[in-house]
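K.L.:
Got a structure here, written out as structure tokens. Questions coming.
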Amino acid sequence: MSTALVWFRRDLRLADNAALRAAVDRHDHVVPVFVHAPDEEGDWAPGGASRWWWHHALAALDESLAAAGAPVVLRRGGSLVELRKLAKTVKADAVYWNRLYDPLLVERDTKIKAALREDGVEAESFAGHLLFEPHQLKTGGGGPYRVFTPFWRNVDQRLREEREGGRAPLPTVRAITPSPLAPKGDTLTSLGLLPKLDWAKRFPEHWTPGEVGAQGRLDAFCRTAITDYRKGRDFPAIDATSGLSPHLHRGEISPLTVVARVERLIEEDRSAGVRANAEWFLREVGWREFAHHLLFHFPQTPTEPLYEKFAKFPWRRKRDYAADLEAWQRGRTGVPIVDAGMRQLWETGWMHNRVRMIVASFLTKNLLIPWQEGAAWFWDTLVDADLANNTLGWQWVAGCGADASPYFRIFNAATQSAKFDAEGAYIRTFVPELAKLDDDSIHAPWEAKPAALKAADVALGRSYVEPIADLKTSRERALAAYGETKD
DNA sequence: TGAAATGTTGGGGCG
DNA sequence: ACGCCCCAACATTTC
């Protein structure tokens, strides 16, 4: 009789799970295990909002695994120590897991694989967190891609080829034979993932962590929102995005499953409208892929700009920007679209992508605060915080990363607001003190006529703050700063 | 997956 | 009828 451990990490699913599949197919007994070892991720241990999600996602995973026959054994401590202990307890012959690509985890997993093999335990890792392994995709010159469009052309092409070759998501594991030796694990509560203050109490109105929730999101998105994706995704008051990012981060659904489902949709409904929208959505899955490949090839980028010339960029100093940073974090900048975004983040653990770009441009360019500060705040407050995506996104906005927004591309937050939230519906939702302002005044209340402010019960400096930066002069300051960096 | 400045064009008002 | 100016609307350039 043989036994395998399946070490769950960011692959909290029973569908299209290569490691779990292999364990069930090759061994008599299977013991699922999850080790909570935040120290092993260094500065990038899950933040507050993310831990809330982890708690509920692990509860959901346990429920699904138990229904299939073998509940998950939860442990906290060092991954290798706990895996070794458990392997001994259940007399495991093998440990299987699905690979991750964050620099510290690659290093850790390599050591663990070697150590387990020294113990005489079979250790094997599988692919599944990405569409392709990072080393599989190279430019004509043999190096990693730094530009999205050629990267995506390659990915898109290979997806087609492999699909014709029969590549498809693996079937869901429905029955797992448990080990009679499987111990009881730690309790979920003892992992201490939930926030002490009940800051996340409204998150459940917005999210259903776990594989069932992920599949539900994908289904709902494919039934309705995707038909308006390409245009609708830019408007924060419209519910046109998939909402899959926090699920994808933890592997509650695999990217291949998402791609296969959307490709099926394109085939079933051959109308040009569906195709254009669906293909645009697939590009966004491509950006996720791009971000992960970049992080693998450039492991220093979570803290360092990809392009070295930005190392000496003249950011303001912490003691000078500390108050502005806090105003930004709390949604009290006096720029309505920025404050709406930052408050949506705080209240729901998520922010619409268009608004992420606006608040990030405001922080890095109008306030000249280092992008790493923004990345750190997002890390702690986003339920979809993901090292690869977060790093790419911030370096993109700051102008120092791969395929970045050029340094002179500075969003005018008020113009963006008027363009993408014309009726102010998004602002009114998250900045209620401005709700009564008319559509013309709500994007830049500092320019509104006194009568308009009065009619809406808005008193600048009292009921709503004056803007902490002048959009015109701060833009000029940023242009001058970036000019210094140029070559 | 910008914004602002600058350049060009063409219709209409007007003397 | 004609030239002149204004200025929106659009296009191009620059940051």
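Following the order of the structure tokens, chains are lettered A, B, ..., residues in each are numbered from 1, and ligands are numbered from 1.
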Give the helix (DSSP H, G or I) residues of segment 320-362 of chain A, as assigned by DSSP on the backbone, as a PyMOL selection string.
P.N.:
chain A and resi 320-330+336-348+353-362
K.L.:
Tell me the residues of chain B close to chain A, meaning within 9 Å using only C-alpha atoms (C1' of nucleotides), as a list in words.
P.N.:
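Every residue meeting the condition is included here: DT1, DG2 and DA3 of chain B.
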K.L.:
Please produce an output containing N, CA and C atoms (P, O5', C5', C4', C3', O3' and C1' of nucleotides) for each residue in the selection, written as a tab-separated table (two decimals), in the first residue's frame.
P.N.:
chain	number	residue	atom	x	y	z
B	1	DT	P	-5.04	52.40	-26.43
B	1	DT	O5'	-4.21	52.22	-25.04
B	1	DT	C5'	-4.64	53.23	-24.22
B	1	DT	C4'	-4.62	52.83	-22.82
B	1	DT	C3'	-3.22	53.12	-22.25
B	1	DT	O3'	-3.20	54.39	-21.68
B	1	DT	C1'	-4.27	51.27	-21.20
B	2	DG	P	-3.23	55.23	-20.52
B	2	DG	O5'	-3.05	56.51	-21.44
B	2	DG	C5'	-4.05	57.44	-21.58
B	2	DG	C4'	-3.78	58.64	-20.69
B	2	DG	C3'	-4.75	59.77	-20.93
B	2	DG	O3'	-4.81	60.49	-19.73
B	2	DG	C1'	-2.61	60.39	-21.69
B	3	DA	P	-5.86	61.69	-19.66
B	3	DA	O5'	-4.92	62.94	-19.97
B	3	DA	C5'	-3.86	63.22	-19.06
B	3	DA	C4'	-3.21	64.54	-19.41
B	3	DA	C3'	-4.18	65.67	-19.75
B	3	DA	O3'	-3.70	66.78	-19.04
B	3	DA	C1'	-2.64	65.35	-21.53
K.L.:
List the neighbours of Ala469 of chain A out to 10 Å using only C-alpha atoms (C1' of nucleotides); skip same-chain residues closer than 5 positions along the sequence, and give me the result as a PyMOL selection string.
P.N.:
chain A and resi 324+333-335+362+366-367+474-475
K.L.:
Write out, as a PDB file, in the first residue's frame, the residues just selected, with C-alpha atoms.
P.N.:
ATOM      1  CA  ASP A 324       0.460  62.881   1.904  1.00  0.00           C
ATOM      2  CA  THR A 333      -6.620  63.504  -0.870  1.00  0.00           C
ATOM      3  CA  GLY A 334      -9.374  65.896  -1.871  1.00  0.00           C
ATOM      4  CA  VAL A 335      -9.456  64.400  -5.386  1.00  0.00           C
ATOM      5  CA  PHE A 362      -1.573  60.197  -8.557  1.00  0.00           C
ATOM      6  CA  ASN A 366       1.434  63.962  -8.683  1.00  0.00           C
ATOM      7  CA  LEU A 367       2.753  63.232  -5.180  1.00  0.00           C
ATOM      8  CA  SER A 474       2.378  68.683  -9.656  1.00  0.00           C
ATOM      9  CA  ARG A 475       2.284  67.372 -13.219  1.00  0.00           C
TER      10      ARG A 475
END
K.L.:
May I ask for the distance between atom CA of Glu263 of chain A and atom CA of Glu211 of chain A, given in Å to one decimal place?
P.N.:
20.4 Å
K.L.:
Any idea what the distance is between atom CA of Leu80 of chain A and atom CA of Ile112 of chain A?
P.N.:
5.9 Å
K.L.:
Atom CA of Ala67 of chain A and atom CA of Pro38 of chain A are how many Å apart?
P.N.:
27.8 Å
K.L.:
Name all residues at most 10 Å from segment 3-14 of chain C (count only C-alpha atoms (C1' of nucleotides); drop same-chain ones fewer than 6 positions away) and give them as a VMD selection string.
P.N.:
(chain A and resid 408) or (chain B and resid 4 to 15)
K.L.:
Which one of A:Glu476, A:Glu133, A:Asp403, A:Asp239 sits closest to chain C if you count only C-alpha atoms (C1' of nucleotides)?
P.N.:
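Counting only C-alpha atoms (C1' of nucleotides), the residue closest to chain C is A:Glu476.
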K.L.:
Go through segment 53-90 of chain A and collect every residue that DSSP, computed from the backbone, puts in strand (DSSP E); the answer should be as an MDAnalysis selection string.
P.N.:
chainID A and resid 73:76
K.L.:
Give me the residues near Gly128 of chain A as JSON, numbers by chain, where near means some atom within 12 Å (using only C-alpha atoms (C1' of nucleotides)) and where sequence neighbours in that chain fewer than 2 positions away do not count.
P.N.:
{"A": [9, 10, 11, 12, 13, 15, 16, 17, 18, 19, 20, 21, 97, 98, 99, 100, 101, 125, 126, 130, 131, 132, 133, 134, 168, 169, 170, 248, 250, 251, 252, 253, 254, 255, 256, 257, 289]}
K.L.:
How about saving the chosen residues, C-alpha atoms kept, as a JSON list (two decimals), in the first residue's frame?
P.N.:
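Contents of part-v6.json, freshly written:
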[["chain", "number", "residue", "atom", "x", "y", "z"],
["A", 9, "ARG", "CA", -0.15, 25.96, -1.48],
["A", 10, "ARG", "CA", -1.77, 28.23, -4.04],
["A", 11, "ASP", "CA", -3.76, 25.56, -5.77],
["A", 12, "LEU", "CA", -6.85, 25.32, -3.57],
["A", 13, "ARG", "CA", -8.88, 23.30, -6.06],
["A", 15, "ALA", "CA", -10.35, 20.59, -10.68],
["A", 16, "ASP", "CA", -7.34, 20.72, -12.99],
["A", 17, "ASN", "CA", -4.96, 20.01, -10.15],
["A", 18, "ALA", "CA", -2.03, 18.01, -11.51],
["A", 19, "ALA", "CA", -0.44, 17.20, -8.16],
["A", 20, "LEU", "CA", -3.68, 15.97, -6.62],
["A", 21, "ARG", "CA", -4.57, 14.11, -9.78],
["A", 97, "TRP", "CA", 2.79, 19.81, -5.14],
["A", 98, "ASN", "CA", 2.15, 22.38, -7.85],
["A", 99, "ARG", "CA", 4.91, 24.85, -8.59],
["A", 100, "LEU", "CA", 4.94, 28.55, -7.71],
["A", 101, "TYR", "CA", 7.28, 31.15, -9.13],
["A", 125, "SER", "CA", 6.29, 19.18, -8.48],
["A", 126, "PHE", "CA", 3.77, 19.86, -11.22],
["A", 130, "LEU", "CA", 0.44, 29.38, -15.16],
["A", 131, "LEU", "CA", -0.41, 28.60, -18.76],
["A", 132, "PHE", "CA", 3.25, 27.98, -19.59],
["A", 133, "GLU", "CA", 6.43, 27.53, -17.60],
["A", 134, "PRO", "CA", 8.52, 30.72, -17.60],
["A", 168, "ALA", "CA", -7.35, 20.56, -21.75],
["A", 169, "PRO", "CA", -7.90, 21.03, -18.02],
["A", 170, "LEU", "CA", -7.61, 17.82, -15.97],
["A", 248, "LEU", "CA", -6.68, 32.96, -9.50],
["A", 250, "ARG", "CA", -4.80, 31.13, -4.73],
["A", 251, "GLY", "CA", -5.43, 28.72, -7.55],
["A", 252, "GLU", "CA", -9.08, 28.22, -6.65],
["A", 253, "ILE", "CA", -9.43, 28.07, -10.39],
["A", 254, "SER", "CA", -6.64, 27.46, -12.89],
["A", 255, "PRO", "CA", -5.81, 29.87, -15.70],
["A", 256, "LEU", "CA", -6.16, 27.00, -18.16],
["A", 257, "THR", "CA", -9.72, 26.40, -16.96],
["A", 289, "GLU", "CA", 0.98, 35.35, -17.30]]
K.L.:
Between A:Leu368, A:Ile238, A:Leu65, A:Pro46, which is the closest to Tyr321 of chain A once you count only C-alpha atoms?
P.N.:
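Looking at the shortest contact to Tyr321 of chain A, the residue is A:Leu368.
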K.L.:
Within 6 Å of segment 184-190 of chain A, counting only C-alpha atoms (C1' of nucleotides), which residues show up once you throw out same-chain ones fewer than 3 positions away? Write them as number ranges by chain, please.
P.N.:
A: 73-75
